[in-house]
Amino acid sequence: MEIVIKLSQFLLSLSLLIILHELGHFIPSKIFKTRVEKFYLFFDIKYSLFKKKIGETEYGIGWLPLGGYVKISGMIDESMDKDQMALPPQPWEFRSKPAWQRLIIMLGGVMVNFILAFVIYIGMAYAYGDIYLNNSELKDGIAVTSSVGEELGFKTGDKIIAIDGEKIVHFDEIPMKVLFSKSALINRNGVEQTIHFPVDLIDKVLKGEKRAFIGIREPFMVGKLSDSSANKSLQPKDVIKSINGLPVKYADQVIAFAKMNKNKTVDAIVLRDEKEVPVKITVNTEGKLGIYAASVGVKSLEKLGLYKFSTQEYSFFEAIPVGIEKGKNQLLGYGKQLKAIFNPDTGAYKGVGGFKAIFDIFPSTWSWEVFWNITALLSIMLGVMNLLPIPALDGGHVIFLLYEMVSGKKPSDKFLEHAQMVGFFLLITLLLFANGNDIYKAIVGK
């Protein structure tokens with residue numbers, strides 16, 4: 001059932017983005033009286049799952065879910081319809097329209113992608129508001145949750161003040177900011193110091209454990225016991241409050257105590273159903289408790305008095321600037337990711353993924369909030385990728401149109417055909433690389 005839910009979200013999001021992107025080309029084409037021969041969701045190589053002709057346009061659904069397209073008359077595109085291009089230009093064809101109209105038609109798809117993302121973020125701000133944790137709430141500092149965090153120079157208890165000179169207000173911003181930064185100003189044991197990150201930071205994160213490298217310090221809440229655990233007196237959702245009479249607030253303190261007290265049984269107090277209960281805790285010979293810790297939710301963290309999360313609700317008009325700001329930040333953030341990918345020193349290219357990577361980001365349970373958040377991000381990614389100056393992408397067509405508008409000279413059809421072929425092979429190469437990365441990571445387990 002989980003795979004069905006993930007697949008449903010993946011196909012719904014992909015279909016929505018493709019249809020609206022192509023609609024961005026279709027509508028200005030119709031406005032400028034340019035004939036659109038086909039409007040397809042997915043590719044119809046050899047045959048279609050569905051097709052119906054309405055007026056001059058054939059609408060359909062292809063069988064290959066790698067994208068979609070509109071076929072515009074008199075345009076050199078992925079169809080490579082040389083027979084049509086060999087005939088004299090017709091008034092309804094793309095090539096017969098003024099350059100500014102052709103530019104609007106070509107930019108229509110990416111503009112819809114960007115507008116859609118901003119609209120979604122505005123809608124989410126209005127519908128869900130914001131729940132965030134102010135960085136000032138981490139009075140005892142961060143938790144380093146993987147070896148990658150330690151390798152970058154962080155230690156549990158560090159208070160992160162600024163990243164690349166920018167003061168941190170919300171804790172949630174930290175992990176993403178760190179990925180594309182050079183240094184962080186921290187407070188460690190009352191002393192401020194600067195941590196400098198390696199240029200291949202992203203590569204180190206990709207090679208590390210599949211979890212965040214830093215997080216908030218949480219209490220030790222019992223999840224479930226391993227079969228070999230001697231701590232059968234503990235129950236799920238028990239929170240360890242003290243050991244040997246010493247209070248413990250965080251899981252890392254419990255883990256550190258266990259490592260230093262191998263093969264011992266000690267007195268402890270746990271919070272169970274809002275009551276403090278005395279128990280015995282046994283540490284095995286490896287310095288472990290045989291307990292899988294559970295993640296503590298927002299409400300429980302507040303109830304335990306560890307953190308105060310801020311909740312912000314917005315009216316419709318208040319949500320507009322908030323959504324626009326969120327969209328702007330995501331757009332700039334994705335731009336930084338692309339810059340890192342094209343810099344081999346960062347190793348970010350190793351994290352490039354294809355359709356499986358996109359599929360994997362959808363959760364196995366249905367959540368409209370998560371679905372729209374992912375869809376908005378994918379819409380930005382689709383818009384930016386289509387703006388890349390590669391022939392066969394919208395950005396490639398835009399470059400040639402701008403050249404024509406500035407120089408007054410239109411590139412020849414033969415040149416555009418060759419450029420389209422080069423762009424097509426570049427896209428195939430990128431597609432093979434991205435999906436090859438998926439396969440490689442599935443094989444090696446990274």
# chains A, B, ... in the order shown; residues from 1 in each chain; ligands from 1
call {"tool": "residues_around", "arguments": {"residues": "segment 50-58 of chain A", "least_positions_apart": "5", "cutoff": "10 Å", "atoms": "only C-alpha atoms", "output": "ChimeraX atom specification"}}
result
/A:35-41,44,63,70-72
call {"tool": "write_last_selection", "arguments": {"atoms": "C-alpha atoms", "output": "CSV table (one decimal), in the first residue's frame"}}
result
chain,number,residue,atom,x,y,z
A,35,ARG,CA,-1.2,26.6,-34.5
A,36,VAL,CA,-0.6,23.9,-31.9
A,37,GLU,CA,-0.7,20.5,-33.5
A,38,LYS,CA,-0.3,18.3,-30.3
A,39,PHE,CA,-0.6,18.7,-26.6
A,40,TYR,CA,0.6,15.6,-24.7
A,41,LEU,CA,1.1,14.5,-21.2
A,44,ASP,CA,3.7,9.1,-27.2
A,63,TRP,CA,2.9,5.8,-22.4
A,70,VAL,CA,3.3,20.7,-27.2
A,71,LYS,CA,4.1,20.5,-30.9
A,72,ILE,CA,3.9,24.0,-32.4
call {"tool": "residues_around", "arguments": {"residues": "segment 12-16 of chain A", "least_positions_apart": "6", "cutoff": "9 Å", "atoms": "only C-alpha atoms", "output": "ChimeraX atom specification"}}
result
/A:41-42,65,67-68,371-372,374-375,378
call {"tool": "closest_residue", "arguments": {"among": "A:Leu246, A:Val191, A:Ile160, A:Val296", "to": "Pro219 of chain A", "atoms": "only C-alpha atoms"}}
result
A:Val296
call {"tool": "residues_around", "arguments": {"residues": "Ala392 of chain A", "least_positions_apart": "3", "cutoff": "6 Å", "atoms": "only C-alpha atoms", "output": "ChimeraX atom specification"}}
result
/A:420,423-424
call {"tool": "closest_residue", "arguments": {"among": "A:Gly165, A:Tyr314, A:Pro89, A:Ala376", "to": "Leu331 of chain A", "atoms": "only C-alpha atoms"}}
result
A:Ala376
call {"tool": "select_by_dssp", "arguments": {"residues": "segment 38-149 of chain A", "states": "strand (DSSP E)", "output": "PyMOL selection string"}}
result
chain A and resi 38-54+57-72+130-132+142-144
call {"tool": "write_last_selection", "arguments": {"atoms": "N, CA, C and O atoms", "output": "compact mmCIF listing (two decimals), in the first residue's frame"}}
result
# COMPACT_ATOMS: atom_id res chain seq x y z
N LYS A 38 -0.13 19.37 -31.37
CA LYS A 38 -0.29 18.35 -30.33
C LYS A 38 -0.08 18.95 -28.94
O LYS A 38 0.72 19.86 -28.76
N PHE A 39 -0.81 18.41 -27.98
CA PHE A 39 -0.64 18.74 -26.57
C PHE A 39 -0.66 17.41 -25.81
O PHE A 39 -1.71 16.80 -25.68
N TYR A 40 0.52 16.98 -25.34
CA TYR A 40 0.63 15.64 -24.74
C TYR A 40 1.20 15.66 -23.33
O TYR A 40 2.17 16.34 -23.03
N LEU A 41 0.53 14.88 -22.47
CA LEU A 41 1.08 14.51 -21.18
C LEU A 41 1.83 13.19 -21.39
O LEU A 41 1.24 12.22 -21.87
N PHE A 42 3.11 13.18 -21.07
CA PHE A 42 4.01 12.05 -21.33
C PHE A 42 4.27 11.92 -22.83
O PHE A 42 3.59 12.56 -23.64
N PHE A 43 5.25 11.10 -23.17
CA PHE A 43 5.65 10.98 -24.56
C PHE A 43 4.94 9.81 -25.24
O PHE A 43 4.80 8.73 -24.67
N ASP A 44 4.52 10.05 -26.49
CA ASP A 44 3.73 9.06 -27.23
C ASP A 44 4.57 8.40 -28.33
O ASP A 44 4.16 8.33 -29.48
N ILE A 45 5.73 7.90 -27.95
CA ILE A 45 6.59 7.24 -28.94
C ILE A 45 5.88 6.00 -29.48
O ILE A 45 5.52 5.10 -28.74
N LYS A 46 5.66 5.99 -30.79
CA LYS A 46 4.98 4.90 -31.50
C LYS A 46 3.47 4.85 -31.28
O LYS A 46 2.70 4.65 -32.21
N TYR A 47 3.03 5.01 -30.02
CA TYR A 47 1.57 4.96 -29.80
C TYR A 47 1.18 5.75 -28.55
O TYR A 47 2.03 6.11 -27.74
N SER A 48 -0.12 6.03 -28.43
CA SER A 48 -0.65 6.81 -27.30
C SER A 48 -1.58 5.95 -26.46
O SER A 48 -2.22 5.01 -26.97
N LEU A 49 -1.67 6.25 -25.19
CA LEU A 49 -2.66 5.59 -24.34
C LEU A 49 -4.04 6.19 -24.58
O LEU A 49 -5.06 5.51 -24.46
N PHE A 50 -4.04 7.48 -24.94
CA PHE A 50 -5.30 8.18 -25.21
C PHE A 50 -5.00 9.35 -26.12
O PHE A 50 -3.96 10.01 -26.00
N LYS A 51 -5.91 9.60 -27.07
CA LYS A 51 -5.78 10.81 -27.89
C LYS A 51 -7.13 11.21 -28.46
O LYS A 51 -7.98 10.35 -28.74
N LYS A 52 -7.32 12.51 -28.60
CA LYS A 52 -8.56 13.03 -29.16
C LYS A 52 -8.26 14.37 -29.81
O LYS A 52 -7.64 15.24 -29.19
N LYS A 53 -8.70 14.54 -31.03
CA LYS A 53 -8.46 15.79 -31.74
C LYS A 53 -9.63 16.74 -31.54
O LYS A 53 -10.79 16.39 -31.77
N ILE A 54 -9.33 17.93 -31.08
CA ILE A 54 -10.34 18.98 -30.90
C ILE A 54 -9.85 20.19 -31.66
O ILE A 54 -8.82 20.77 -31.34
N THR A 57 -5.93 20.84 -32.76
CA THR A 57 -4.98 20.27 -31.81
C THR A 57 -5.37 18.86 -31.39
O THR A 57 -6.54 18.60 -31.08
N GLU A 58 -4.39 17.96 -31.38
CA GLU A 58 -4.59 16.61 -30.87
C GLU A 58 -4.12 16.57 -29.41
O GLU A 58 -2.96 16.85 -29.11
N TYR A 59 -5.04 16.23 -28.52
CA TYR A 59 -4.72 16.12 -27.10
C TYR A 59 -4.55 14.64 -26.76
O TYR A 59 -5.35 13.81 -27.21
N GLY A 60 -3.54 14.32 -25.97
CA GLY A 60 -3.34 12.91 -25.67
C GLY A 60 -2.47 12.65 -24.46
O GLY A 60 -1.88 13.56 -23.86
N ILE A 61 -2.39 11.36 -24.09
CA ILE A 61 -1.54 10.89 -23.01
C ILE A 61 -0.64 9.80 -23.59
O ILE A 61 -1.12 8.82 -24.17
N GLY A 62 0.68 10.00 -23.48
CA GLY A 62 1.62 9.01 -23.97
C GLY A 62 1.87 7.93 -22.93
O GLY A 62 1.40 8.01 -21.80
N TRP A 63 2.68 6.95 -23.30
CA TRP A 63 2.95 5.83 -22.40
C TRP A 63 4.27 5.99 -21.63
O TRP A 63 4.50 5.30 -20.64
N LEU A 64 5.12 6.92 -22.06
CA LEU A 64 6.44 7.08 -21.45
C LEU A 64 6.44 8.31 -20.54
O LEU A 64 6.51 9.45 -21.01
N PRO A 65 6.39 8.13 -19.21
CA PRO A 65 6.24 9.26 -18.28
C PRO A 65 7.55 9.99 -17.99
O PRO A 65 7.98 10.12 -16.85
N LEU A 66 8.19 10.49 -19.04
CA LEU A 66 9.44 11.23 -18.88
C LEU A 66 9.26 12.73 -19.16
O LEU A 66 10.23 13.46 -19.30
N GLY A 67 8.03 13.17 -19.25
CA GLY A 67 7.78 14.58 -19.53
C GLY A 67 6.52 14.73 -20.35
O GLY A 67 5.61 13.90 -20.30
N GLY A 68 6.47 15.79 -21.14
CA GLY A 68 5.33 16.04 -22.02
C GLY A 68 5.75 17.10 -23.02
O GLY A 68 6.88 17.58 -23.00
N TYR A 69 4.85 17.46 -23.93
CA TYR A 69 5.23 18.45 -24.94
C TYR A 69 4.01 19.02 -25.65
O TYR A 69 2.92 18.43 -25.62
N VAL A 70 4.23 20.19 -26.25
CA VAL A 70 3.29 20.72 -27.22
C VAL A 70 4.05 20.84 -28.54
O VAL A 70 5.20 21.29 -28.55
N LYS A 71 3.46 20.39 -29.61
CA LYS A 71 4.08 20.50 -30.93
C LYS A 71 3.48 21.72 -31.63
O LYS A 71 2.30 21.74 -31.95
N ILE A 72 4.32 22.73 -31.80
CA ILE A 72 3.88 23.99 -32.39
C ILE A 72 4.31 24.03 -33.85
O ILE A 72 5.47 23.75 -34.18
N ASP A 130 3.03 28.75 9.87
CA ASP A 130 4.42 28.33 10.08
C ASP A 130 4.61 27.85 11.51
O ASP A 130 4.11 28.46 12.45
N ILE A 131 5.34 26.75 11.65
CA ILE A 131 5.81 26.30 12.96
C ILE A 131 7.33 26.27 12.87
O ILE A 131 7.89 25.58 12.01
N TYR A 132 7.99 27.04 13.70
CA TYR A 132 9.45 27.09 13.62
C TYR A 132 10.05 27.22 15.01
O TYR A 132 9.37 27.55 15.99
N ILE A 142 23.31 22.51 19.89
CA ILE A 142 22.82 21.52 18.92
C ILE A 142 23.23 20.10 19.32
O ILE A 142 24.04 19.90 20.21
N ALA A 143 22.64 19.15 18.61
CA ALA A 143 23.07 17.75 18.71
C ALA A 143 23.74 17.37 17.40
O ALA A 143 23.20 17.65 16.33
N VAL A 144 24.92 16.78 17.46
CA VAL A 144 25.57 16.25 16.27
C VAL A 144 25.06 14.83 16.11
O VAL A 144 25.28 13.98 16.96
call {"tool": "select_by_dssp", "arguments": {"residues": "segment 16-177 of chain A", "states": "alpha helix (DSSP H)", "output": "PyMOL selection string"}}
result
chain A and resi 16-31+82-86+99-128+147-151+174-177
call {"tool": "closest_residue", "arguments": {"among": "A:Asp252, A:Asp238, A:Asp172, A:Glu2", "to": "Lys224 of chain A", "atoms": "only C-alpha atoms"}}
result
A:Asp238
call {"tool": "residues_around", "arguments": {"residues": "Pro198 of chain A", "least_positions_apart": "5", "cutoff": "12 Å", "atoms": "only C-alpha atoms", "output": "ChimeraX atom specification"}}
result
/A:148,151-153,178-184,203-205,345-347
call {"tool": "write_last_selection", "arguments": {"atoms": "all heavy atoms", "output": "CSV table (one decimal), in the first residue's frame"}}
result
chain,number,residue,atom,x,y,z
A,148,VAL,N,29.3,12.8,10.0
A,148,VAL,CA,29.6,13.9,9.1
A,148,VAL,C,29.6,15.2,9.9
A,148,VAL,O,30.5,16.0,9.6
A,148,VAL,CB,28.5,13.9,8.0
A,148,VAL,CG1,28.7,15.1,7.1
A,148,VAL,CG2,28.5,12.7,7.2
A,151,GLU,N,32.9,15.5,11.5
A,151,GLU,CA,33.9,15.7,10.5
A,151,GLU,C,33.9,17.1,10.0
A,151,GLU,O,35.0,17.7,9.7
A,151,GLU,CB,33.7,14.7,9.3
A,151,GLU,CG,34.8,14.6,8.3
A,151,GLU,CD,34.6,13.6,7.3
A,151,GLU,OE1,33.6,12.8,7.3
A,151,GLU,OE2,35.4,13.5,6.3
A,152,LEU,N,32.8,17.8,10.0
A,152,LEU,CA,32.7,19.2,9.6
A,152,LEU,C,33.2,20.1,10.7
A,152,LEU,O,33.4,21.3,10.5
A,152,LEU,CB,31.3,19.6,9.2
A,152,LEU,CG,30.7,18.8,8.0
A,152,LEU,CD1,29.3,19.3,7.7
A,152,LEU,CD2,31.6,19.0,6.8
A,153,GLY,N,33.4,19.6,11.9
A,153,GLY,CA,33.9,20.4,13.0
A,153,GLY,C,32.9,20.7,14.1
A,153,GLY,O,33.3,21.4,15.1
A,178,VAL,N,24.3,25.5,5.8
A,178,VAL,CA,25.7,24.9,6.0
A,178,VAL,C,26.1,24.3,4.7
A,178,VAL,O,27.3,24.4,4.4
A,178,VAL,CB,25.6,23.9,7.2
A,178,VAL,CG1,26.9,23.0,7.1
A,178,VAL,CG2,25.5,24.6,8.5
A,179,LEU,N,25.2,23.6,4.0
A,179,LEU,CA,25.6,22.9,2.8
A,179,LEU,C,26.3,23.7,1.8
A,179,LEU,O,27.2,23.3,1.0
A,179,LEU,CB,24.4,22.2,2.2
A,179,LEU,CG,23.9,20.9,2.8
A,179,LEU,CD1,22.7,20.4,2.1
A,179,LEU,CD2,25.0,19.8,2.7
A,180,PHE,N,25.9,25.0,1.7
A,180,PHE,CA,26.4,25.9,0.7
A,180,PHE,C,27.2,27.0,1.2
A,180,PHE,O,27.2,28.1,0.7
A,180,PHE,CB,25.3,26.4,-0.2
A,180,PHE,CG,24.5,25.3,-0.8
A,180,PHE,CD1,23.3,24.9,-0.3
A,180,PHE,CD2,24.9,24.6,-1.9
A,180,PHE,CE1,22.5,23.8,-0.8
A,180,PHE,CE2,24.2,23.5,-2.5
A,180,PHE,CZ,23.0,23.1,-1.9
A,181,SER,N,27.9,26.8,2.4
A,181,SER,CA,28.6,27.8,3.0
A,181,SER,C,30.1,27.4,3.2
A,181,SER,O,30.5,26.3,3.0
A,181,SER,CB,28.0,28.1,4.4
A,181,SER,OG,26.6,28.5,4.2
A,182,LYS,N,30.9,28.4,3.7
A,182,LYS,CA,32.3,28.2,3.9
A,182,LYS,C,32.7,28.1,5.3
A,182,LYS,O,33.7,27.5,5.7
A,182,LYS,CB,33.1,29.3,3.2
A,182,LYS,CG,32.9,29.4,1.7
A,182,LYS,CD,33.7,30.5,1.0
A,182,LYS,CE,33.5,30.6,-0.5
A,182,LYS,NZ,34.2,31.7,-1.1
A,183,SER,N,31.9,28.8,6.2
A,183,SER,CA,32.3,28.8,7.6
A,183,SER,C,31.1,29.0,8.5
A,183,SER,O,30.0,29.5,8.0
A,183,SER,CB,33.3,29.9,7.9
A,183,SER,OG,32.8,31.2,7.6
A,184,ALA,N,31.2,28.8,9.8
A,184,ALA,CA,30.2,29.0,10.8
A,184,ALA,C,30.8,29.6,12.0
A,184,ALA,O,31.9,29.1,12.5
A,184,ALA,CB,29.4,27.8,11.1
A,203,ASP,N,29.9,16.5,-0.8
A,203,ASP,CA,30.3,15.2,-1.1
A,203,ASP,C,30.4,14.4,0.2
A,203,ASP,O,30.0,13.2,0.3
A,203,ASP,CB,31.7,15.2,-1.8
A,203,ASP,CG,32.1,13.8,-2.2
A,203,ASP,OD1,31.2,13.0,-2.6
A,203,ASP,OD2,33.3,13.5,-2.3
A,204,LYS,N,30.9,15.0,1.3
A,204,LYS,CA,31.0,14.3,2.6
A,204,LYS,C,29.6,14.0,3.1
A,204,LYS,O,29.4,12.9,3.7
A,204,LYS,CB,31.8,15.2,3.6
A,204,LYS,CG,33.3,15.3,3.2
A,204,LYS,CD,34.0,16.2,4.3
A,204,LYS,CE,35.4,16.4,3.9
A,204,LYS,NZ,36.2,15.2,3.9
A,205,VAL,N,28.7,14.9,2.9
A,205,VAL,CA,27.3,14.7,3.4
A,205,VAL,C,26.7,13.6,2.6
A,205,VAL,O,26.0,12.7,3.2
A,205,VAL,CB,26.5,16.0,3.3
A,205,VAL,CG1,25.0,15.7,3.6
A,205,VAL,CG2,27.0,17.1,4.2
A,345,ASP,N,34.8,20.3,-7.7
A,345,ASP,CA,35.5,20.2,-6.4
A,345,ASP,C,34.5,20.0,-5.2
A,345,ASP,O,34.9,19.4,-4.2
A,345,ASP,CB,36.2,21.5,-6.1
A,345,ASP,CG,37.4,21.7,-7.0
A,345,ASP,OD1,37.9,20.7,-7.6
A,345,ASP,OD2,37.8,22.9,-7.2
A,346,THR,N,33.2,20.4,-5.3
A,346,THR,CA,32.3,20.2,-4.3
A,346,THR,C,31.8,18.8,-4.2
A,346,THR,O,31.3,18.3,-3.1
A,346,THR,CB,31.0,21.1,-4.4
A,346,THR,OG1,30.3,20.7,-5.6
A,346,THR,CG2,31.5,22.6,-4.6
A,347,GLY,N,31.9,18.0,-5.3
A,347,GLY,CA,31.3,16.6,-5.3
A,347,GLY,C,29.8,16.6,-5.3
A,347,GLY,O,29.2,15.5,-5.2
